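Participant: My structure is below; once you've seen it, I'll send some questions.
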Amino acid sequence: SHTDASFLVIVEPGHEREGAYLSPAEAGLARGEGEGHVVIGADSGRPELAAKAAKARHDFAGTVNGIRVKSAFRLLKESAFSRSLEEYSSICGVAVEKIADLAREFTSHGRKAASEFYRGVVKHPNGFYNGFALHMLNVLIGNLNWKGGISAGGGSYGGMSGIYDLNSAPGLSKAKGIKINREGAHYEDSTEYRKKDEAGEDPYPAKRPWFPHTFNVYSELLPSIIEGYPYKADILIWHMATPFYSVPGQGNEELIEKVKDPNNIPLIIASDIVIGDTSMYADYILPDTTFMERWVHIGLHETTLVKGTSVRWPVIEPLTGKTADGRHFSYETFLIDVAEALGLPGFGNEAIPDRNGRLWPLHSREDYYLKITANVAYADGDPVPDVAEEDVKVCDLTAFREQFEDSLPAEHWPKVLQVLARGGRFEPAKNAWDGERLGHRFTKRLSIYAEEVALSRNSITGKRFSGTPMWLEPATIAGKPLAQLDPKDKWPLKILTYKGSLQTHSRLSSNTILREIQPDNWIEINVRTAAEYGLKDGDLVWVETPHGRRKGRVKLREGVLPGVITFSVGYGHWGYGASAVDIGGKRVLPDRIRSAGIHLNPIMRRDPDVWQMPLIDPVGGSATFFETPARLSHA
């Protein structure tokens with residue numbers, strides 16, 4: 001792999017391509033030099049094509065062909081040195097001496113050091129830049145693809161193509177247009193922007209933010225539908241979704257009432273294994289299968305250095321009801337039956353093409369998932385061995401094959417059963433290493449400078465984003481610092497959240513064995529914070545935020561930072577069996593243990609500038625879980 005450290009970036013104020021990489025033409029390079037990036041040659045001191053330069057200067061600022069430019073590394077360096085260590089210490093609460101000592105330790109082991117993170121650091125309004133900066137630590141010591149460094153993982157065996165093409169079907173058309181949450185699209189390309197511009201109006205702000213650089217902006221779905229921006233929805237389908245419980249600030253009465261109103265969303269269909277905290281408001285709930293009853297094909301996580309794909313297939317026969325032809329109710333069964341009723345391409349008797357041109361039927365979920373499994377089994381032109389007779393007996397695969405025999409040709413079954421017996425397909429562990437380097441190496445360019453981000457704008461303020469890692473003060477989407485929005489003298493505490501080891505998934509709310517170990521959760525605070533409020537273990541208190549309050553019991557913990565409130569997610573349900581439900585004239589009584597505890601997501605901070613939107617990262621699109629101000633009072 002390599003970086004863009006030496007690539008030149010246009011920093012000329014007012015230049016029509018300010019923020020873009022300098023092109024060969026702009027650098028005045030001779031015709032015929034082609035496209036590409038421009039660097040300053042280490043020996044010549046002149047602009048050269050990056051692809052042809054033997055060595056380049058990575059720290060450069062100057063003028064090329066009359067245009068002011070800086071290298072990507074220089075921009076990173078200037079950003080890092082824009083504040084003193086004392087200022088960074090004040091921001092993060094870590095002493096200057098500790099910062100310096102950590103830097104010394106991190107750079108004392110060659111490539112055998114690494115900076116890793118999961119979701120926490122990006123669940124802030126400045127999340128993109130937080131994650132970008134942490135990745136730069138790895139880039140600066142060059143640890144990618146080396147033992148002791150970081151890895152992009154070993155990859156996976158693709159299941160969507162190969163012997164069977166699950167990506168296409170005769171007559172199948174691709175989705176087009178702008179997604180309802182406006183992800184993957186630039187506001188400046190929209191009709192709204194064009195009309196404002198043509199009318200001589202300032203096109204900013206947009207009604208709601210646009211997110212051209214990211215995906216799965218889950219928190220924007222419901223408010224966007226309600227406001228009809230950019231359009232309304234006639235039918236909303238929820239699958240494995242509980243936004244009222246999970247999205248910060250959205251489990252509030254106003255939004256719930258808007259969603260319940262059929263004038264806003266005429267039809268809501270939920271696919272769920274229970275009457276959940278959000279699915280309880282749907283018009284219909286489709287019984288879905290649990291993790292023990294469903295199929296899953298998933299590539300190994302990046303922390304696994306070898307190539308592999310895990311395959312989960314039903315451990316037990318689903319406990320859901322059956323269709324007239326004997327197929328179990330599930331989300332997939334519903335989609336297949338609706339598609340067949342509508343005559344959509346890709347379903348029915350001639351649906352899935354194989355490499356020989358034959359079209360296979362798609363009437364059941366096994367028709368689909370078994371072909372994915374076959375692609376995994378035969379991937380890379382190197383099929384797995386046939387299944388051993390012992391494995392067939394141990395896994396009881398004979399009855400399974402007989403049940404779904406027609407979904408595959410006979411010659412594919414021995415290798416498909418081998419993948420099922422092994423729970424997937426996995427490379428040998430010895431493939432993880434190639435001497436001191438990783439066996440599977442990331443070969444694409446690493447970006448110190450994000451040109452695509454730098455050339456885009458915040459659709460609310462109209463201001464350009466930075467293409468360089470930086471410290472950005474947490475703010476609303478319109479740029480108001482949160483410290484001004486919620487002054488510390490009024491809101492002295494901050495709420496953090498985490499997943500405890502006993503409630504890692506929503507389904508564990510019904511696990512009575514785990515609930516016996518920890519039947520309740522708490523409002524967890526530091527001993528010093530408790531002393532300031534005159535609190536002790538077990539005291540009943542109110543947690544108040546700008547959007548409401550919740551009552552719970554205090555738990556003192558030395559491991560919680562002073563000035564912080566934290567709580568374990570997975571408690572405080574109002575659905576999921578926590579409330580009484582009338583079904584067919586019969587009342588199902590609640591299980592009180594499922595409502596036990598406190599849940600603070602519904603009262604987390606929302607952005608005052610955009611209706612029903614949590615505080616959000618305008619670049620990465622992440623909802624903010626760690627910036628809610630709060631105060632405590634005795635209940």
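To be explicit about the labels: the chains of the structure tokens are called A, B, and onward in the order shown, and within each one the residues are counted from 1, while ligands get numbers from 1 in the order they are shown.
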Could you list, as a list of chain:residue names, every residue within 7 Å of segment 120-137 of chain A, counting only C-alpha atoms and ignoring same-chain residues fewer than 6 positions away?

Facilitator: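 The filter keeps A:Pro469, A:Met470, A:Trp471, A:Leu472, A:Pro474, A:Ala475, A:Leu615, A:Ile616, A:Asp617, A:Val619, A:Gly620, A:Ser622, A:Ala623, A:Thr624, A:Phe625, A:Phe626, A:Glu627.
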
Participant: Find the nearest atom pair between each residue of segment 264-302 of chain A and segment 215-231 of chain A for residues within 12 Å, count only C-alpha atoms, give distances in Å to one decimal, sort rows by chain and ascending number, and present the table as a Markdown table.

Facilitator:
```
| residue | atom | partner | partner_atom | distance |
| --- | --- | --- | --- | --- |
| A:Asn264 | CA | A:Ile226 | CA | 5.7 |
| A:Ile265 | CA | A:Ile226 | CA | 7.4 |
| A:Pro266 | CA | A:Ile226 | CA | 11.0 |
| A:Ile268 | CA | A:Leu222 | CA | 11.5 |
| A:Thr278 | CA | A:Leu222 | CA | 11.7 |
```

Participant: Where in segment 269-316 of chain A does DSSP assign strand (DSSP E or B), given as a list in words?

Facilitator: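 Selecting the strand (DSSP E or B) positions of segment 269-316 of chain A gives Ile269, Ala270, Ser271, Asp272, Tyr284, Ile285, Leu286, Pro287, Val296, His297, Ile298, Gly299, Gly308, Thr309, Ser310, Val311 and Arg312 of chain A.
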
Participant: Write out the residues from the selection above, keeping C-alpha atoms, as a short mmCIF file (atom, residue, chain, number, x, y, z; two decimals), in the first residue's frame.

Facilitator:
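Saved to out.cif:
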```
data_model
loop_
_atom_site.label_atom_id
_atom_site.label_comp_id
_atom_site.auth_asym_id
_atom_site.auth_seq_id
_atom_site.Cartn_x
_atom_site.Cartn_y
_atom_site.Cartn_z
CA ILE A 269 -45.45 -3.38 8.43
CA ALA A 270 -42.98 -4.67 11.00
CA SER A 271 -41.02 -7.91 10.82
CA ASP A 272 -40.18 -8.92 14.37
CA TYR A 284 -49.09 -5.45 10.96
CA ILE A 285 -46.36 -7.51 12.60
CA LEU A 286 -44.90 -10.33 10.52
CA PRO A 287 -43.62 -13.20 12.67
CA VAL A 296 -26.78 -15.91 7.80
CA HIS A 297 -23.73 -15.65 5.54
CA ILE A 298 -21.15 -13.20 6.84
CA GLY A 299 -17.51 -12.53 6.12
CA GLY A 308 -13.40 -16.92 5.64
CA THR A 309 -17.18 -16.81 5.50
CA SER A 310 -19.34 -17.99 8.39
CA VAL A 311 -22.57 -19.75 7.45
CA ARG A 312 -25.33 -20.12 9.99
#
```

Participant: Quick one: pick out all helix (DSSP H, G or I) residues within segment 285-349 of chain A from a backbone DSSP run and write them as JSON, numbers by chain.

Facilitator: {"A": [331, 332, 333, 334, 335, 336, 337, 338, 339, 340, 341, 342]}

Participant: Just to be explicit: take each residue in the selection above, keep N, CA and C atoms, and write the result as a PDB file, in the first residue's frame.

Facilitator:
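Resulting contents of selection14.pdb:
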```pdb
ATOM      1  N   TYR A 331     -39.438 -13.191   7.400  1.00  0.00           N
ATOM      2  CA  TYR A 331     -39.345 -11.988   6.577  1.00  0.00           C
ATOM      3  C   TYR A 331     -39.116 -12.352   5.116  1.00  0.00           C
ATOM      4  N   GLU A 332     -38.239 -13.338   4.877  1.00  0.00           N
ATOM      5  CA  GLU A 332     -37.965 -13.751   3.500  1.00  0.00           C
ATOM      6  C   GLU A 332     -39.203 -14.348   2.833  1.00  0.00           C
ATOM      7  N   THR A 333     -39.947 -15.159   3.583  1.00  0.00           N
ATOM      8  CA  THR A 333     -41.162 -15.765   3.021  1.00  0.00           C
ATOM      9  C   THR A 333     -42.154 -14.685   2.604  1.00  0.00           C
ATOM     10  N   PHE A 334     -42.295 -13.672   3.429  1.00  0.00           N
ATOM     11  CA  PHE A 334     -43.191 -12.556   3.111  1.00  0.00           C
ATOM     12  C   PHE A 334     -42.754 -11.851   1.827  1.00  0.00           C
ATOM     13  N   LEU A 335     -41.465 -11.520   1.728  1.00  0.00           N
ATOM     14  CA  LEU A 335     -40.973 -10.807   0.542  1.00  0.00           C
ATOM     15  C   LEU A 335     -41.152 -11.638  -0.722  1.00  0.00           C
ATOM     16  N   ILE A 336     -40.857 -12.925  -0.626  1.00  0.00           N
ATOM     17  CA  ILE A 336     -40.991 -13.804  -1.790  1.00  0.00           C
ATOM     18  C   ILE A 336     -42.442 -13.883  -2.236  1.00  0.00           C
ATOM     19  N   ASP A 337     -43.359 -14.064  -1.295  1.00  0.00           N
ATOM     20  CA  ASP A 337     -44.773 -14.210  -1.656  1.00  0.00           C
ATOM     21  C   ASP A 337     -45.347 -12.917  -2.233  1.00  0.00           C
ATOM     22  N   VAL A 338     -44.971 -11.784  -1.676  1.00  0.00           N
ATOM     23  CA  VAL A 338     -45.436 -10.503  -2.209  1.00  0.00           C
ATOM     24  C   VAL A 338     -44.890 -10.302  -3.622  1.00  0.00           C
ATOM     25  N   ALA A 339     -43.599 -10.593  -3.800  1.00  0.00           N
ATOM     26  CA  ALA A 339     -42.985 -10.419  -5.119  1.00  0.00           C
ATOM     27  C   ALA A 339     -43.639 -11.320  -6.161  1.00  0.00           C
ATOM     28  N   GLU A 340     -43.924 -12.557  -5.784  1.00  0.00           N
ATOM     29  CA  GLU A 340     -44.577 -13.468  -6.729  1.00  0.00           C
ATOM     30  C   GLU A 340     -45.993 -13.000  -7.054  1.00  0.00           C
ATOM     31  N   ALA A 341     -46.702 -12.491  -6.033  1.00  0.00           N
ATOM     32  CA  ALA A 341     -48.065 -12.006  -6.269  1.00  0.00           C
ATOM     33  C   ALA A 341     -48.068 -10.810  -7.218  1.00  0.00           C
ATOM     34  N   LEU A 342     -47.010 -10.009  -7.145  1.00  0.00           N
ATOM     35  CA  LEU A 342     -46.912  -8.826  -8.009  1.00  0.00           C
ATOM     36  C   LEU A 342     -46.274  -9.140  -9.357  1.00  0.00           C
TER      37      LEU A 342
END
```

Participant: Nearest residue to Ala103 of chain A out of A:Met292, A:Ile40, A:Leu85, A:Ala410, using only C-alpha atoms?

Facilitator: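 For Ala103 of chain A, the nearest of the candidates is A:Leu85.
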
Participant: With only C-alpha atoms as the counted atoms, please give the residues lying no more than 12 Å from segment 413-415 of chain A, apart from itself and same-chain residues fewer than 5 positions off, as a PyMOL selection string.

Facilitator: chain A and resi 370-371+373-379+382-389+391-392+397-398+400-402+404-408+420-422+424-425

Participant: Rounded to one decimal, what separation in Å do you get between atom CA of Tyr281 of chain A and atom CA of Ile495 of chain A?

Facilitator: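 Interatomic distance, atom CA of Tyr281 of chain A to atom CA of Ile495 of chain A: 27.9 Å.
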
Participant: So which residues touch Glu544 of chain A within 7 Å, counting only C-alpha atoms, skipping near sequence neighbours fewer than 4 positions away, as a PyMOL selection string?

Facilitator: chain A and resi 548-550+630-632

Participant: Selected residues, N, CA and C atoms, written as a compact mmCIF listing (two decimals), in the first residue's frame, please.

Facilitator:
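See out.txt below for the written result:
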```txt
# COMPACT_ATOMS: atom_id res chain seq x y z
N GLY A 548 -36.32 15.77 28.74
CA GLY A 548 -37.14 14.96 29.63
C GLY A 548 -36.34 14.42 30.80
N ARG A 549 -36.96 13.52 31.53
CA ARG A 549 -36.27 12.94 32.68
C ARG A 549 -36.68 11.48 32.89
N ARG A 550 -35.81 10.72 33.53
CA ARG A 550 -36.07 9.33 33.84
C ARG A 550 -35.58 9.06 35.26
N ALA A 630 -26.75 16.70 31.22
CA ALA A 630 -27.73 16.22 32.19
C ALA A 630 -27.47 16.82 33.56
N ARG A 631 -28.45 16.62 34.45
CA ARG A 631 -28.28 16.95 35.85
C ARG A 631 -29.06 15.93 36.67
N LEU A 632 -28.70 15.80 37.93
CA LEU A 632 -29.32 14.83 38.84
C LEU A 632 -30.07 15.55 39.94
```

Participant: Tell me, counting only C-alpha atoms, for each residue of segment 424-473 of chain A within 9 Å of segment 17-20 of chain A, which pair of atoms is nearest and how far apart they are in Å to one decimal, in rows ordered by chain and increasing number, as CSV.

Facilitator:
```
residue,atom,partner,partner_atom,distance
A:Glu451,CA,A:Ala20,CA,5.9
A:Glu452,CA,A:Ala20,CA,8.2
A:Ala454,CA,A:Gly19,CA,5.8
A:Leu455,CA,A:Gly19,CA,6.1
A:Ser466,CA,A:Gly19,CA,8.6
A:Gly467,CA,A:Gly19,CA,7.8
```

Participant: Write out, as a compact mmCIF listing (two decimals), in the first residue's frame, the residues just selected, with N, CA and C atoms.

Facilitator:
```txt
# COMPACT_ATOMS: atom_id res chain seq x y z
N GLU A 451 -9.95 14.11 -0.37
CA GLU A 451 -10.31 15.11 -1.37
C GLU A 451 -11.82 15.19 -1.58
N GLU A 452 -12.46 14.04 -1.62
CA GLU A 452 -13.91 14.03 -1.87
C GLU A 452 -14.65 14.79 -0.78
N ALA A 454 -13.29 17.18 1.14
CA ALA A 454 -12.87 18.58 1.06
C ALA A 454 -13.60 19.36 -0.02
N LEU A 455 -14.08 18.68 -1.04
CA LEU A 455 -14.77 19.35 -2.14
C LEU A 455 -16.28 19.45 -1.90
N SER A 466 -13.48 20.11 5.90
CA SER A 466 -12.03 19.93 5.83
C SER A 466 -11.71 18.55 5.31
N GLY A 467 -10.67 18.46 4.50
CA GLY A 467 -10.23 17.15 4.01
C GLY A 467 -9.11 16.57 4.84
```

Participant: Could you check which of A:Gly552, A:Pro546, A:Pro487, A:Gly570 is closest to Leu508 of chain A, using only C-alpha atoms?

Facilitator: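 The closest residue to Leu508 of chain A is A:Gly570.
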
Participant: Considering only C-alpha atoms, can you say which of A:Ser151, A:Asn252, A:Thr289, A:Ser447 comes closest to Ala72 of chain A?

Facilitator: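 Distance minimum relative to Ala72 of chain A lands on A:Ser447.
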
Participant: Applying 12 Å and only C-alpha atoms, which residues near Ala30 of chain A remain after dropping the ones on its own chain fewer than 6 positions away? List them as a list in words.

Facilitator: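 Result of the neighbour search: Ser23, Pro24, Pro47, Glu48 and Leu49 of chain A.
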
Participant: Give me the residues near Arg46 of chain A as a list in words, where near means some atom within 10 Å (using only C-alpha atoms) and where sequence neighbours in that chain fewer than 6 positions away do not count.

Facilitator: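 The residues that qualify are Ala27, Val38, Val39, Ile40, Ala56, Arg57 and Val64 of chain A.
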
Participant: For the residues selected in the previous step, produce a file with C-alpha atoms as a PDB file, in the first residue's frame.

Facilitator:
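So the final result, stored in out_2.pdb, reads:
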```
ATOM      1  CA  ALA A  27       0.947  21.972 -12.840  1.00  0.00           C
ATOM      2  CA  VAL A  38       1.392  15.691  -8.944  1.00  0.00           C
ATOM      3  CA  VAL A  39       4.275  15.659  -6.459  1.00  0.00           C
ATOM      4  CA  ILE A  40       7.484  17.585  -5.973  1.00  0.00           C
ATOM      5  CA  ALA A  56       8.953  12.807  -3.634  1.00  0.00           C
ATOM      6  CA  ARG A  57       8.949  15.483  -0.968  1.00  0.00           C
ATOM      7  CA  VAL A  64       3.383  25.527  -8.808  1.00  0.00           C
TER       8      VAL A  64
END
```

Participant: So that I can see what lies close to segment 349-362 of chain A, please list as a VMD selection string the residues with an atom at most 7 Å from it, counting only C-alpha atoms and leaving out residues fewer than 6 positions away in the same chain.

Facilitator: chain A and resid 163 to 166 169 368
